[in-house]
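Text of structure_10.pdb, listed as PDB, C-alpha atoms, pLDDT in the B column:
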MODEL        1
ATOM      1  CA  MET J  12       0.000   0.000   0.000  1.00 43.00           C
ATOM      2  CA  LYS J  13       2.833   2.380   0.900  1.00 41.00           C
ATOM      3  CA  ARG J  14       4.516   1.635  -2.442  1.00 38.00           C
ATOM      4  CA  MET J  15       1.325   2.475  -4.339  1.00 38.00           C
ATOM      5  CA  ILE J  16       0.978   5.783  -2.479  1.00 36.00           C
ATOM      6  CA  LEU J  17       4.637   6.613  -3.117  1.00 33.00           C
ATOM      7  CA  LEU J  18       4.273   5.748  -6.825  1.00 35.00           C
ATOM      8  CA  ALA J  19       1.137   7.919  -7.076  1.00 37.00           C
ATOM      9  CA  LEU J  20       3.008  10.825  -5.448  1.00 35.00           C
ATOM     10  CA  ILE J  21       5.953  10.478  -7.831  1.00 34.00           C
ATOM     11  CA  VAL J  22       3.728  10.276 -10.921  1.00 35.00           C
ATOM     12  CA  GLY J  23       1.629  13.193  -9.660  1.00 37.00           C
ATOM     13  CA  THR J  24       4.735  15.296  -9.061  1.00 32.00           C
ATOM     14  CA  PHE J  25       6.024  14.652 -12.589  1.00 34.00           C
ATOM     15  CA  ALA J  26       2.594  15.407 -14.047  1.00 37.00           C
ATOM     16  CA  VAL J  27       2.423  18.729 -12.197  1.00 34.00           C
ATOM     17  CA  LEU J  28       5.919  19.624 -13.386  1.00 35.00           C
ATOM     18  CA  GLY J  29       4.907  18.795 -16.945  1.00 39.00           C
ATOM     19  CA  VAL J  30       7.626  16.242 -17.512  1.00 39.00           C
ATOM     20  CA  LEU J  31       5.625  13.026 -17.553  1.00 41.00           C
ATOM     21  CA  GLN J  32       6.690  11.514 -20.873  1.00 43.00           C
ATOM     22  CA  VAL J  33       4.103   9.575 -22.847  1.00 45.00           C
ATOM     23  CA  MET J  34       6.018   7.406 -25.253  1.00 49.00           C
ATOM     24  CA  ALA J  35       5.054   7.998 -28.866  1.00 54.00           C
ATOM     25  CA  GLN J  36       5.444   4.276 -29.351  1.00 55.00           C
ATOM     26  CA  ALA J  37       2.981   3.310 -26.617  1.00 64.00           C
ATOM     27  CA  GLY J  38       0.029   1.617 -28.260  1.00 80.00           C
ATOM     28  CA  ASN J  39       0.575   3.036 -31.739  1.00 91.00           C
ATOM     29  CA  ILE J  40       1.287   1.126 -34.917  1.00 95.00           C
ATOM     30  CA  TRP J  41       3.423   3.043 -37.377  1.00 97.00           C
ATOM     31  CA  GLN J  42       3.657   2.332 -41.102  1.00 97.00           C
ATOM     32  CA  ALA J  43       7.318   2.609 -42.160  1.00 97.00           C
ATOM     33  CA  THR J  44       8.035   3.110 -45.867  1.00 98.00           C
ATOM     34  CA  PHE J  45      11.595   3.267 -47.252  1.00 98.00           C
ATOM     35  CA  PHE J  46      12.923   4.734 -50.510  1.00 98.00           C
ATOM     36  CA  ASN J  47      16.265   4.194 -52.301  1.00 97.00           C
ATOM     37  CA  ASN J  48      16.907   7.946 -52.476  1.00 97.00           C
ATOM     38  CA  PRO J  49      17.057  10.751 -49.902  1.00 97.00           C
ATOM     39  CA  SER J  50      14.049  12.638 -51.346  1.00 97.00           C
ATOM     40  CA  LEU J  51      11.155  10.182 -50.770  1.00 98.00           C
ATOM     41  CA  ALA J  52      10.773  10.005 -54.549  1.00 97.00           C
ATOM     42  CA  GLY J  53       9.396   7.184 -56.647  1.00 97.00           C
ATOM     43  CA  ALA J  54       8.073   3.875 -55.475  1.00 96.00           C
ATOM     44  CA  PRO J  55       9.047   2.639 -52.011  1.00 97.00           C
ATOM     45  CA  VAL J  56      11.335  -0.398 -51.900  1.00 97.00           C
ATOM     46  CA  VAL J  57      10.029  -1.793 -48.619  1.00 97.00           C
ATOM     47  CA  SER J  58       7.191  -1.114 -46.170  1.00 97.00           C
ATOM     48  CA  PHE J  59       6.402  -2.652 -42.814  1.00 96.00           C
ATOM     49  CA  SER J  60       4.578  -1.942 -39.553  1.00 95.00           C
ATOM     50  CA  THR J  61       6.478  -1.000 -36.415  1.00 95.00           C
ATOM     51  CA  ASN J  62       5.663   0.029 -32.851  1.00 93.00           C
ATOM     52  CA  PHE J  63       8.044   2.982 -32.665  1.00 93.00           C
ATOM     53  CA  VAL J  64      10.164   5.582 -34.461  1.00 96.00           C
ATOM     54  CA  ASN J  65      13.422   4.997 -32.622  1.00 96.00           C
ATOM     55  CA  TYR J  66      16.161   3.492 -34.754  1.00 97.00           C
ATOM     56  CA  ASN J  67      19.940   3.549 -34.764  1.00 97.00           C
ATOM     57  CA  TRP J  68      21.283   1.803 -37.856  1.00 97.00           C
ATOM     58  CA  GLY J  69      24.823   3.124 -37.298  1.00 97.00           C
ATOM     59  CA  SER J  70      26.614   2.877 -40.637  1.00 96.00           C
ATOM     60  CA  GLY J  71      24.334   0.050 -41.751  1.00 96.00           C
ATOM     61  CA  SER J  72      21.051  -0.246 -43.588  1.00 95.00           C
ATOM     62  CA  PRO J  73      17.522  -0.467 -42.171  1.00 95.00           C
ATOM     63  CA  HIS J  74      16.688  -3.354 -44.546  1.00 95.00           C
ATOM     64  CA  PRO J  75      18.519  -5.473 -47.172  1.00 96.00           C
ATOM     65  CA  SER J  76      16.486  -3.707 -49.899  1.00 95.00           C
ATOM     66  CA  VAL J  77      17.676  -0.268 -48.754  1.00 97.00           C
ATOM     67  CA  PRO J  78      21.211   1.133 -49.232  1.00 97.00           C
ATOM     68  CA  ALA J  79      23.220   2.165 -46.165  1.00 97.00           C
ATOM     69  CA  ASP J  80      23.456   5.759 -47.463  1.00 97.00           C
ATOM     70  CA  ASN J  81      21.220   8.027 -49.553  1.00 97.00           C
ATOM     71  CA  PHE J  82      17.863   6.630 -48.493  1.00 98.00           C
ATOM     72  CA  SER J  83      14.706   8.111 -46.988  1.00 98.00           C
ATOM     73  CA  ALA J  84      11.754   6.911 -44.960  1.00 98.00           C
ATOM     74  CA  ARG J  85       8.244   7.991 -44.075  1.00 98.00           C
ATOM     75  CA  PHE J  86       6.630   6.920 -40.804  1.00 98.00           C
ATOM     76  CA  THR J  87       2.884   7.457 -40.333  1.00 98.00           C
ATOM     77  CA  THR J  88       0.405   6.704 -37.572  1.00 97.00           C
ATOM     78  CA  SER J  89      -2.889   7.821 -36.107  1.00 96.00           C
ATOM     79  CA  ALA J  90      -2.653   8.442 -32.366  1.00 96.00           C
ATOM     80  CA  TYR J  91      -5.294   9.290 -29.787  1.00 95.00           C
ATOM     81  CA  PHE J  92      -4.682  12.418 -27.709  1.00 95.00           C
ATOM     82  CA  ASN J  93      -6.533  14.051 -24.851  1.00 94.00           C
ATOM     83  CA  ALA J  94      -6.869  17.779 -25.545  1.00 96.00           C
ATOM     84  CA  GLY J  95      -3.744  19.646 -24.511  1.00 97.00           C
ATOM     85  CA  ILE J  96      -0.311  20.947 -25.379  1.00 97.00           C
ATOM     86  CA  TYR J  97       2.208  18.245 -26.279  1.00 97.00           C
ATOM     87  CA  ARG J  98       5.967  18.555 -26.694  1.00 97.00           C
ATOM     88  CA  PHE J  99       7.246  16.612 -29.685  1.00 98.00           C
ATOM     89  CA  THR J 100      10.951  15.817 -29.730  1.00 97.00           C
ATOM     90  CA  ALA J 101      13.062  14.636 -32.632  1.00 97.00           C
ATOM     91  CA  VAL J 102      16.701  13.915 -33.284  1.00 97.00           C
ATOM     92  CA  ALA J 103      18.027  12.449 -36.513  1.00 97.00           C
ATOM     93  CA  ASP J 104      21.105  11.969 -38.608  1.00 96.00           C
ATOM     94  CA  ASP J 105      20.541  13.417 -41.126  1.00 95.00           C
ATOM     95  CA  ASP J 106      17.166  15.206 -41.684  1.00 97.00           C
ATOM     96  CA  VAL J 107      13.668  15.017 -40.212  1.00 98.00           C
ATOM     97  CA  ARG J 108      10.253  16.577 -40.857  1.00 98.00           C
ATOM     98  CA  LEU J 109       7.257  16.351 -38.518  1.00 98.00           C
ATOM     99  CA  TYR J 110       3.632  16.822 -39.530  1.00 98.00           C
ATOM    100  CA  VAL J 111       0.650  16.689 -37.176  1.00 98.00           C
ATOM    101  CA  ASN J 112      -2.784  16.602 -38.808  1.00 98.00           C
ATOM    102  CA  GLY J 113      -1.195  17.577 -42.110  1.00 98.00           C
ATOM    103  CA  GLN J 114       0.528  20.699 -40.746  1.00 98.00           C
ATOM    104  CA  LEU J 115       4.315  20.954 -40.866  1.00 98.00           C
ATOM    105  CA  TYR J 116       5.806  21.757 -37.441  1.00 98.00           C
ATOM    106  CA  LEU J 117       9.470  20.790 -37.808  1.00 98.00           C
ATOM    107  CA  ASN J 118      11.683  20.679 -40.894  1.00 97.00           C
ATOM    108  CA  THR J 119      15.459  20.230 -40.861  1.00 96.00           C
ATOM    109  CA  PHE J 120      15.726  19.147 -44.514  1.00 96.00           C
ATOM    110  CA  GLY J 121      18.616  21.005 -46.155  1.00 92.00           C
ATOM    111  CA  THR J 122      19.643  22.867 -42.990  1.00 92.00           C
ATOM    112  CA  GLY J 123      22.767  20.853 -42.100  1.00 87.00           C
ATOM    113  CA  GLN J 124      21.711  20.222 -38.504  1.00 91.00           C
ATOM    114  CA  ALA J 125      22.221  16.466 -38.293  1.00 92.00           C
ATOM    115  CA  GLY J 126      22.217  15.116 -34.742  1.00 93.00           C
ATOM    116  CA  LYS J 127      20.773  18.261 -33.179  1.00 95.00           C
ATOM    117  CA  PRO J 128      17.777  17.574 -30.910  1.00 97.00           C
ATOM    118  CA  PHE J 129      14.634  19.594 -31.608  1.00 97.00           C
ATOM    119  CA  ALA J 130      11.448  20.172 -29.618  1.00 97.00           C
ATOM    120  CA  VAL J 131       8.189  21.808 -30.625  1.00 98.00           C
ATOM    121  CA  ASP J 132       5.047  22.351 -28.536  1.00 98.00           C
ATOM    122  CA  ILE J 133       1.791  21.625 -30.365  1.00 98.00           C
ATOM    123  CA  ALA J 134      -1.812  22.178 -29.257  1.00 97.00           C
ATOM    124  CA  ILE J 135      -3.786  19.045 -30.106  1.00 97.00           C
ATOM    125  CA  PRO J 136      -7.553  18.594 -29.784  1.00 95.00           C
ATOM    126  CA  GLN J 137      -9.058  15.506 -28.182  1.00 95.00           C
ATOM    127  CA  GLY J 138      -9.360  12.574 -30.544  1.00 96.00           C
ATOM    128  CA  TYR J 139      -7.230  10.896 -33.163  1.00 96.00           C
ATOM    129  CA  SER J 140      -4.506  12.904 -34.892  1.00 97.00           C
ATOM    130  CA  SER J 141      -2.384  11.872 -37.847  1.00 98.00           C
ATOM    131  CA  ILE J 142       1.372  11.965 -37.304  1.00 98.00           C
ATOM    132  CA  GLN J 143       3.847  11.837 -40.196  1.00 98.00           C
ATOM    133  CA  VAL J 144       7.624  11.788 -39.870  1.00 98.00           C
ATOM    134  CA  ASP J 145       9.857  12.086 -42.939  1.00 98.00           C
ATOM    135  CA  TYR J 146      13.509  11.088 -42.645  1.00 98.00           C
ATOM    136  CA  ALA J 147      16.509  11.377 -44.964  1.00 97.00           C
ATOM    137  CA  GLU J 148      19.918   9.727 -44.652  1.00 97.00           C
ATOM    138  CA  TYR J 149      22.768  11.046 -46.810  1.00 96.00           C
ATOM    139  CA  GLY J 150      25.896   9.361 -45.462  1.00 95.00           C
ATOM    140  CA  GLY J 151      27.725   8.157 -42.382  1.00 95.00           C
ATOM    141  CA  LEU J 152      25.649   7.355 -39.321  1.00 96.00           C
ATOM    142  CA  ALA J 153      21.896   6.812 -39.587  1.00 97.00           C
ATOM    143  CA  TYR J 154      19.469   7.247 -36.685  1.00 97.00           C
ATOM    144  CA  ILE J 155      16.119   8.766 -35.813  1.00 98.00           C
ATOM    145  CA  ASP J 156      14.125   9.147 -32.620  1.00 97.00           C
ATOM    146  CA  VAL J 157      10.724  10.856 -32.396  1.00 97.00           C
ATOM    147  CA  ASN J 158       8.617  11.108 -29.274  1.00 96.00           C
ATOM    148  CA  TRP J 159       6.071  13.267 -27.507  1.00 96.00           C
ATOM    149  CA  GLY J 160       4.908  14.057 -24.018  1.00 95.00           C
ATOM    150  CA  TYR J 161       1.956  15.856 -22.476  1.00 95.00           C
ATOM    151  CA  ILE J 162       2.866  19.357 -21.251  1.00 95.00           C
ATOM    152  CA  LYS J 163      -0.387  21.013 -20.096  1.00 92.00           C
ATOM    153  CA  ASP J 164      -4.070  21.600 -20.775  1.00 90.00           C
ATOM    154  CA  TYR J 165      -5.163  24.248 -23.215  1.00 78.00           C
ATOM    155  CA  PRO J 166      -4.842  27.718 -21.642  1.00 70.00           C
TER
ENDMDL
END
What's the structure tokens form of this structure?
Amino acid sequence: MKRMILLALIVGTFAVLGVLQVMAQAGNIWQATFFNNPSLAGAPVVSFSTNFVNYNWGSGSPHPSVPADNFSARFTTSAYFNAGIYRFTAVADDDVRLYVNGQLYLNTFGTGQAGKPFAVDIAIPQGYSSIQVDYAEYGGLAYIDVNWGYIKDYP
């Protein structure tokens, strides 16, 4: 009983501070589609379902059908949100774009900011929202991590 009370206090404290992280992967199925070029052009070479957008391929390839360099990927899902402000975080080598309900919120394509973490706060209404993440790998290391967490209710 004491452990449950302590756990409730800890979770409540994090929620009040606005740092309780809700994993983007939790309960969502993403469609991952890969292209043999860094511009998402043409027909995809492989598609599969995944539970997350958190990959570190190092200097390798995400799939035997995809080259280790000069490839791109699109990850899409529909996720349920309670109304509020959510902080989306992304870090990628090389480029990443984030769309929520068709609106572009983050775009590092062509900016030369590989490996830099980004965060953007987005007001989301209650219900299902579409999330799309575009990724491009040009050379060297290849990784991407996208997540979100609840920050606060609408003002």
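Minimum atom-to-atom distance to Gln42 of chain J, evaluated using all atoms listed in the file, belongs to J:Val144 out of J:Val144, J:Leu117, J:Leu109, J:Val102.
Among J:Tyr149, J:Ser140, J:Tyr154, J:Pro166, the residue with the shortest atom-to-atom distance to Thr88 of chain J, counting only C-alpha atoms, is J:Ser140.
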Just give me the residues with any atom within 12 Å of (21.2, 3.3, -47.3), file coordinates, counting only C-alpha atoms, written as number ranges by chain. J: 45-49, 56, 68-84, 105, 146-154
Convert the current residue selection to file output with C-alpha atoms, as a short mmCIF file (atom, residue, chain, number, x, y, z; two decimals), in the coordinates of the input.
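Result saved to selection_27.cif:
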data_model
loop_
_atom_site.label_atom_id
_atom_site.label_comp_id
_atom_site.auth_asym_id
_atom_site.auth_seq_id
_atom_site.Cartn_x
_atom_site.Cartn_y
_atom_site.Cartn_z
CA PHE J 45 11.60 3.27 -47.25
CA PHE J 46 12.92 4.73 -50.51
CA ASN J 47 16.26 4.19 -52.30
CA ASN J 48 16.91 7.95 -52.48
CA PRO J 49 17.06 10.75 -49.90
CA VAL J 56 11.34 -0.40 -51.90
CA TRP J 68 21.28 1.80 -37.86
CA GLY J 69 24.82 3.12 -37.30
CA SER J 70 26.61 2.88 -40.64
CA GLY J 71 24.33 0.05 -41.75
CA SER J 72 21.05 -0.25 -43.59
CA PRO J 73 17.52 -0.47 -42.17
CA HIS J 74 16.69 -3.35 -44.55
CA PRO J 75 18.52 -5.47 -47.17
CA SER J 76 16.49 -3.71 -49.90
CA VAL J 77 17.68 -0.27 -48.75
CA PRO J 78 21.21 1.13 -49.23
CA ALA J 79 23.22 2.16 -46.16
CA ASP J 80 23.46 5.76 -47.46
CA ASN J 81 21.22 8.03 -49.55
CA PHE J 82 17.86 6.63 -48.49
CA SER J 83 14.71 8.11 -46.99
CA ALA J 84 11.75 6.91 -44.96
CA ASP J 105 20.54 13.42 -41.13
CA TYR J 146 13.51 11.09 -42.64
CA ALA J 147 16.51 11.38 -44.96
CA GLU J 148 19.92 9.73 -44.65
CA TYR J 149 22.77 11.05 -46.81
CA GLY J 150 25.90 9.36 -45.46
CA GLY J 151 27.72 8.16 -42.38
CA LEU J 152 25.65 7.36 -39.32
CA ALA J 153 21.90 6.81 -39.59
CA TYR J 154 19.47 7.25 -36.68
#
Mind pulling up the distance from atom CA of Ile135 of chain J to atom CA of Val107 of chain J? 20.6 Å
Give as a PyMOL selection string the residues that the PyMOL selection byres ((chain J and resi 118) around 12) matches when applied to the coordinates above. chain J and resi 101-103+105-110+114-117+119-125+129-131+143-147
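Look at Asn93 of chain J: the protein and nucleic acid residues within 7 Å of it, using all atoms listed in the file and passing over chain neighbours fewer than 4 places away, are Pro136, Gln137 and Gly138 of chain J.
Atom CA of Val57 of chain J is positioned 25.8 Å from atom CA of Thr100 of chain J.
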Compare J:Gly38, J:Gly95, J:Gly53, J:Gly113 by their minimum atom-to-atom distance to Ser141 of chain J, counting only C-alpha atoms, and give me the closest one. J:Gly113
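The gap separating atom CA of Tyr139 of chain J from atom CA of Ala52 of chain J is 28.0 Å, in Å to one decimal.
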What residues come out when you apply the PyMOL selection byres ((chain J and resi 161) around 6) to this file, written as a PyMOL selection string? chain J and resi 97+160+162
When you count only C-alpha atoms, which of these residues is closest to Asn62 of chain J: J:Trp159, J:Phe92, J:Phe99, J:Phe86? J:Phe86
With 6 Å added on each side, what axis-aligned box encloses every listed atom of segment 51-58 of chain J? Give the centre and edge lengths in Å to one decimal, as JSON.
{"center_x": 9.3, "center_y": 4.2, "center_z": -51.4, "size_x": 16.1, "size_y": 24.0, "size_z": 22.5}
